[in-house]
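Novice: First the structure, then my questions, so here it is.
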There are 2 protein chains.
Amino acid sequence: MEPWQLTATAAAALLRAGTLTAEALARSCLERIAAREPVTKAWTFLDPQLALASAREVDKRYTQGVLHGLPIGVKDMIDTADMPTTHNSPIYQGLRQGRDAACVGVARGEGAVILGKTDTVEFAAAGRRALTRNPHDPARTPGGSSSGSAAAVADGMVPLAFGTQTGGSLVRPASFCGVYGMKPTHGVVNSEGAKRYAHTLDTIGWYGRCPGDLRLVAQAFRLFGLDAPQGTTLAKPLGQLRVALCRGPNWQLAAPESQAALLLAGQRLAAAGVAVEELELPTGFDEVTEAQRVILMAEGRGAFLAEYLNAHGLLHQDFRDRVENASGITAPQLLAAHDLAAACRPRFDALFAGYDAVLSPAAAGEAPLGRQDTGNPVFNSMWTLLHVPCIGMPCTTGPNGLPVGVQIIGPRLGDAALLDVAALVAPVIDPALAG
Amino acid sequence: MEPWQLTATAAAALLRAGTLTAEALARSCLERIAAREPVTKAWTFLDPQLALASAREVDKRYTQGVLHGLPIGVKDMIDTADMPTTHNSPIYQGLRQGRDAACVGVARGEGAVILGKTDTVEFAAAGRRALTRNPHDPARTPGGSSSGSAAAVADGMVPLAFGTQTGGSLVRPASFCGVYGMKPTHGVVNSEGAKRYAHTLDTIGWYGRCPGDLRLVAQAFRLFGLDAPQGTTLAKPLGQLRVALCRGPNWQLAAPESQAALLLAGQRLAAAGVAVEELELPTGFDEVTEAQRVILMAEGRGAFLAEYLNAHGLLHQDFRDRVENASGITAPQLLAAHDLAAACRPRFDALFAGYDAVLSPAAAGEAPLGRQDTGNPVFNSMWTLLHVPCIGMPCTTGPNGLPVGVQIIGPRLGDAALLDVAALVAPVIDPALAG
């Protein structure tokens, strides 16, 4: 097995044991990238010499952080001090920022090797799409907006990558590409240095190849319950888990393969002894998806105003529309959306008196054909607005042989316990992990 | 009258008429700075040649924005592409970012001249204080954390300046320095490129010398109701205003001069024909101040983690304490704080069925002596967490002859109407404007 094939968890163990160096792992990833990048096109910036120099620097450190020696890809709307940050915008080609985004700084501080920048939908929002192709079928999208990050992890190019989610930009690509993805509770990971789209929604997340990989990054950020080095939060075995299977208010928008994936995941869990129960969300939750759209559009007014004023001709019409409030959102509509979400959040958390996790579709179906349609975020945007942690995991394949995932969801700040649940249920839900 | 003595509103009229150039106004401000800076110490970065070149560039523009030719100071934890951004941290001395913070970009796009960077409390949060002195008494603080911005506007150095408020960092210095300050509704002005401390609270605001100055900047940001070039939202005269005088749950913490200022402002309004009524906030609001502290401390955990990991020795103990959660905030406490605030927000907005504005103390008293104590934010932090717009204005002086202000507060997204109220009540409340 080549180092690039390792999960972050497996690589971390070898790095700790001293049988693998950061440099050797980075070199292996770079070789894999050299072989696959002409097809997958995951990267907007990659300087092998810079990446290897960073790896050698990590190999010399006195102390080992929780991400020691692990290469990580960074979505190209997140600042890096030593690499350009283009936002996939013609305005910012070649932009050099003076300091790392907070999440990049934390990763470096914990010993990660920033391998390069991954392609993204313009400003992680709209406009131009990434050039990235789905590693499972280059005729298809990897999803967006975290296109390059999801594809790079799926294609063996890098074991970990940062993405972001404002609607469904993290968990949906995880489903399309057949990787694991975590969107933590909103607000606990500092999003400073990532392009702002809608501050009520924007959330830094990450991709890996197993629940343990996601946990490593969560530990770096010292999420509640993960700031202590050891110990689980959940402290119960698989057979005592209670999982709520939630089709959600947009079930009719799920393609047959996504509906089948959710039911299959439920069946697999039940067969493994998990108590699986169908959950219908109470009244009010069917309006959260629309509230997310209202907030997205309204907060987009301010998000792109500077570019609108200073580089109008280089700004895609999508963003001019946001600034000009083309969707006509009014102040009362925006307040109603905020207040609905705020009222639903504690109501959703309260459901977890009876459940350890909610199981729900991760995407509307298989990855669409082409680059333009990056998929429907409707199975993610509600959870993003509710601020709850979500973990996407592979489950099955669709009619075209493309991956179809599911996601598990926890209460706000329940990230640590949700990671514990993921570690228990993933080997049951994901045939690749079981095998 | 020298150009530096003009309000932004007055200068804007001369600039539009062509009887004043951006260069002449900037030059006058620079002369004033040269005379006063040795005492006031408002600036961390000021390059006269750069400022004058920016002004000449603005003088050549084809179109005139709403801030055309107006010099503006920028708090030194807000990124500027052409000037360093130190955050008053030893970690970031000389830091050069590649692009402007969003608010700076908007100001430039609307024709403002970025004059220089103003001193701040470290990361606008804790740790090191600004060197800035109160222009009314150099033995006293101008308040913090927007120390340099408030002092520069008060001292005639610049007609406008950006600050930020996470607790009471904008409105409190306005009171201490005797200037006008606006903290808009949370989330409507993009805070990207300003150091993040607590994303639920961090708000970009600005200083000016009259309500019209505040309005100009609000127009630049196209706040709801201000995106159309003309027209007021309120459409009623002074004599039809209804103002709620609100001592608030922390009244006992106000020094006699702050209590007197509030009552005096109420008396002046009543004498001018305004319906002034005492308002006692409903149950629950007395817990919002503590909820703000909980959220501040909890969100500070992630805000300084990158610096903690990468520059531990250069990070003040205040910030290490945040990262290490020295105050011991738990996840349930944090959620309760969020949910309390979320429940109080629409309840506060609903009060405005009966009032046009709430009138409340702006600070606990006169500016304290020395540099270390920048004043108590307790009369601001509740409003910051409620996300409501606040406008601070001068009212009277205290026992030491220092300015003491008050603030008016509106409902969320009611910024435009609140500016209208400010324009009506300021000449009644502020003797300098009346005179």
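By order in the structure tokens, chains are A, B, ...; within a chain, residues start at 1; ligands start at 1, following the order shown.
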Could you list, with a cut-off of 8 Å and counting only C-alpha atoms, the residues of chain A near chain B, each shown with its nearest atom pair and the distance in Å rounded to one decimal, rows sorted by chain and ascending number, as a tab-separated table?
Specialist:
residue	atom	partner	partner_atom	distance
A:Leu95	CA	B:Gly98	CA	6.2
A:Arg96	CA	B:Gly98	CA	5.2
A:Gln97	CA	B:Gly98	CA	4.4
A:Gly98	CA	B:Gln97	CA	4.4
A:Arg99	CA	B:Gln97	CA	7.0
A:Ala102	CA	B:Ala306	CA	5.7
A:Cys103	CA	B:Ala306	CA	7.3
A:Gly105	CA	B:Ala306	CA	4.9
A:Val106	CA	B:Ala306	CA	4.6
A:Arg108	CA	B:Asn310	CA	7.9
A:Gly109	CA	B:Leu309	CA	5.0
A:Glu110	CA	B:Leu309	CA	7.4
A:Gly187	CA	B:His199	CA	7.1
A:Val188	CA	B:Gly302	CA	6.3
A:Val189	CA	B:Gly302	CA	6.0
A:Asn190	CA	B:Gly302	CA	5.6
A:Glu192	CA	B:Arg196	CA	6.3
A:Gly193	CA	B:Gly193	CA	7.1
A:Lys195	CA	B:Glu192	CA	7.3
A:Arg196	CA	B:Glu192	CA	6.3
A:His199	CA	B:Gly187	CA	7.1
A:Phe221	CA	B:Gly302	CA	7.3
A:Phe224	CA	B:Ala331	CA	6.8
A:Glu299	CA	B:Val188	CA	6.8
A:Gly302	CA	B:Asn190	CA	5.6
A:Ala303	CA	B:Asn190	CA	5.8
A:Leu305	CA	B:Val106	CA	6.5
A:Ala306	CA	B:Val106	CA	4.5
A:Glu307	CA	B:Gly105	CA	7.6
A:Leu309	CA	B:Gly109	CA	5.0
A:Asn310	CA	B:Gly109	CA	5.3
A:Ala331	CA	B:Leu413	CA	6.4
A:Leu335	CA	B:Arg412	CA	7.8
A:Asp339	CA	B:Ala342	CA	7.1
A:Ala342	CA	B:Ala342	CA	5.9
A:Ala343	CA	B:Ala343	CA	7.5
A:Pro346	CA	B:Asp339	CA	7.2
A:Arg412	CA	B:Leu335	CA	7.8
A:Leu413	CA	B:Ala331	CA	6.4
Novice: Enumerate, as a ChimeraX atom specification, the complete set of residues in segment 55-98 of chain B that a backbone-based DSSP assignment places in strand (DSSP E or B).
Specialist: /B:71-75,78,80,83
Novice: Within 10 Å of Arg347 of chain B, counting only C-alpha atoms, which residues show up once you throw out same-chain ones fewer than 3 positions away? Write them as a list in words, please.
Specialist: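 Listing them by chain and then by number gives Leu281, Pro282, Phe285, Ala341, Ala342, Ala343, Cys344, Ala350, Leu351, Phe352 and Pro411 of chain B.
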Novice: I need the residues in segment 35-221 of chain A that are helix (DSSP H, G or I) according to DSSP; give them as a ChimeraX atom specification.
Specialist: /A:35-40,48-59,90-92,102-109,122-124,147-154,171-177,211-220
Novice: For Ala10 of chain A, find every residue with an atom within 12 Å (counting only C-alpha atoms), except residues of its own chain fewer than 5 positions away, and show them as a ChimeraX atom specification.
Specialist: /A:1-5,15-17,19-20,25,67,69-70,159,208-213,216
Novice: Selection from above, N, CA and C atoms, as a tab-separated table (two decimals), in the first residue's frame, can you write it?
Specialist:
chain	number	residue	atom	x	y	z
A	1	MET	N	0.84	-1.21	0.00
A	1	MET	CA	0.00	0.00	0.00
A	1	MET	C	0.87	1.26	0.00
A	2	GLU	N	0.56	2.16	-0.90
A	2	GLU	CA	1.30	3.43	-0.97
A	2	GLU	C	0.78	4.37	0.12
A	3	PRO	N	1.63	5.26	0.62
A	3	PRO	CA	1.18	6.19	1.67
A	3	PRO	C	-0.06	7.01	1.26
A	4	TRP	N	-0.18	7.36	-0.01
A	4	TRP	CA	-1.33	8.19	-0.41
A	4	TRP	C	-2.66	7.45	-0.23
A	5	GLN	N	-2.59	6.13	-0.11
A	5	GLN	CA	-3.83	5.34	0.04
A	5	GLN	C	-4.32	5.29	1.49
A	15	LEU	N	3.08	8.01	11.40
A	15	LEU	CA	3.89	9.21	11.64
A	15	LEU	C	4.31	9.27	13.10
A	16	ARG	N	3.38	8.94	13.97
A	16	ARG	CA	3.70	8.95	15.41
A	16	ARG	C	4.75	7.89	15.75
A	17	ALA	N	4.60	6.74	15.08
A	17	ALA	CA	5.53	5.64	15.33
A	17	ALA	C	6.90	5.90	14.69
A	19	THR	N	7.58	5.52	11.53
A	19	THR	CA	7.80	4.66	10.37
A	19	THR	C	7.38	5.33	9.07
A	20	LEU	N	6.82	6.53	9.18
A	20	LEU	CA	6.49	7.33	8.00
A	20	LEU	C	6.87	8.76	8.34
A	25	LEU	N	5.09	11.07	3.06
A	25	LEU	CA	3.64	11.08	2.82
A	25	LEU	C	3.27	12.17	1.81
A	67	LEU	N	-2.47	16.80	14.17
A	67	LEU	CA	-2.46	16.62	12.72
A	67	LEU	C	-1.03	16.45	12.21
A	69	GLY	N	2.11	15.98	10.50
A	69	GLY	CA	2.58	15.36	9.27
A	69	GLY	C	1.51	15.06	8.24
A	70	LEU	N	0.27	15.38	8.55
A	70	LEU	CA	-0.83	15.03	7.63
A	70	LEU	C	-1.01	16.12	6.58
A	159	PRO	N	-5.23	13.13	2.17
A	159	PRO	CA	-6.16	12.44	3.08
A	159	PRO	C	-7.20	13.35	3.72
A	208	GLY	N	-12.54	13.65	5.00
A	208	GLY	CA	-11.60	12.58	5.31
A	208	GLY	C	-12.11	11.28	4.73
A	209	ARG	N	-11.46	10.18	5.08
A	209	ARG	CA	-11.84	8.90	4.48
A	209	ARG	C	-12.46	7.94	5.47
A	210	CYS	N	-12.62	8.38	6.70
A	210	CYS	CA	-13.28	7.56	7.72
A	210	CYS	C	-13.64	8.47	8.89
A	211	PRO	N	-14.49	8.03	9.79
A	211	PRO	CA	-14.87	8.90	10.92
A	211	PRO	C	-13.67	9.33	11.76
A	212	GLY	N	-12.68	8.48	11.89
A	212	GLY	CA	-11.49	8.84	12.66
A	212	GLY	C	-10.76	10.04	12.06
A	213	ASP	N	-10.76	10.10	10.73
A	213	ASP	CA	-10.13	11.25	10.06
A	213	ASP	C	-10.84	12.55	10.44
A	216	LEU	N	-9.92	13.65	13.96
A	216	LEU	CA	-8.60	14.29	14.13
A	216	LEU	C	-8.70	15.81	13.92
Novice: Write out as a ChimeraX atom specification the residues lying within 7 Å of Met157 of chain A, counting only C-alpha atoms and excluding same-chain residues fewer than 5 positions away.
Specialist: /A:4,29,32-33,152
Novice: Could the residues in this selection be written to a file with C-alpha atoms, as a CSV table (one decimal), in the first residue's frame?
Specialist:
chain,number,residue,atom,x,y,z
A,4,TRP,CA,-1.3,8.2,-0.4
A,29,CYS,CA,0.4,12.4,-2.4
A,32,ARG,CA,-0.8,10.5,-6.9
A,33,ILE,CA,-1.7,14.1,-7.8
A,152,ALA,CA,-9.0,15.4,-4.0
Novice: Can you pull out the residues contacting Ala150 of chain A? Cut-off 8 Å, using only C-alpha atoms, and skip same-chain residues under 2 positions away; I want them as a list of chain:residue names.
Specialist: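 Residues near the query, excluding close chain neighbours: A:Pro142, A:Ser146, A:Ser147, A:Gly148, A:Ala152, A:Val153, A:Ala154, A:Ala161, A:Gly163, A:Leu170, A:Pro173, A:Ala174, A:Cys177, A:Val179, A:Tyr207.
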Novice: Could you list, as a list in words, every residue within 10 Å of Arg172 of chain B, counting only C-alpha atoms and ignoring same-chain residues fewer than 6 positions away?
Specialist: Pro142, Gly143, Gly144, Ser145, Ser146, Ser147, Ala150, Gln165, Gly178, Gly181, Pro361, Ala362, Ala363, Ala364, Gly365, Glu366, Ala367, Thr374, Gly375, Asn376, Pro377, Val378, Phe379, Asn380, Gly392, Val404, Gly405, Val406 and Gln407 of chain B
Novice: Could you check how far atom CA of Ala126 of chain B sits from atom CA of Asp415 of chain A, in Å to one decimal?
Specialist: 28.9 Å
Novice: Rank nothing, just name the residue among B:Ala270, B:Ile295, B:Ala130, B:Val217 nearest to Gly328 of chain B, using only C-alpha atoms.
Specialist: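 With only C-alpha atoms as the atom set, the closest residue is B:Ile295.
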Novice: Quick one: distance from atom CA of Ala112 of chain B to atom CA of Pro71 of chain B in Å, one decimal?
Specialist: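 According to the coordinates, atom CA of Ala112 of chain B and atom CA of Pro71 of chain B are separated by 5.8 Å.
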Novice: As an exercise, work out the distance from atom CA of His387 of chain A to atom CA of Pro249 of chain A in Å and give it to one decimal place.
Specialist: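 Separation of atom CA of His387 of chain A and atom CA of Pro249 of chain A: 17.4 Å.
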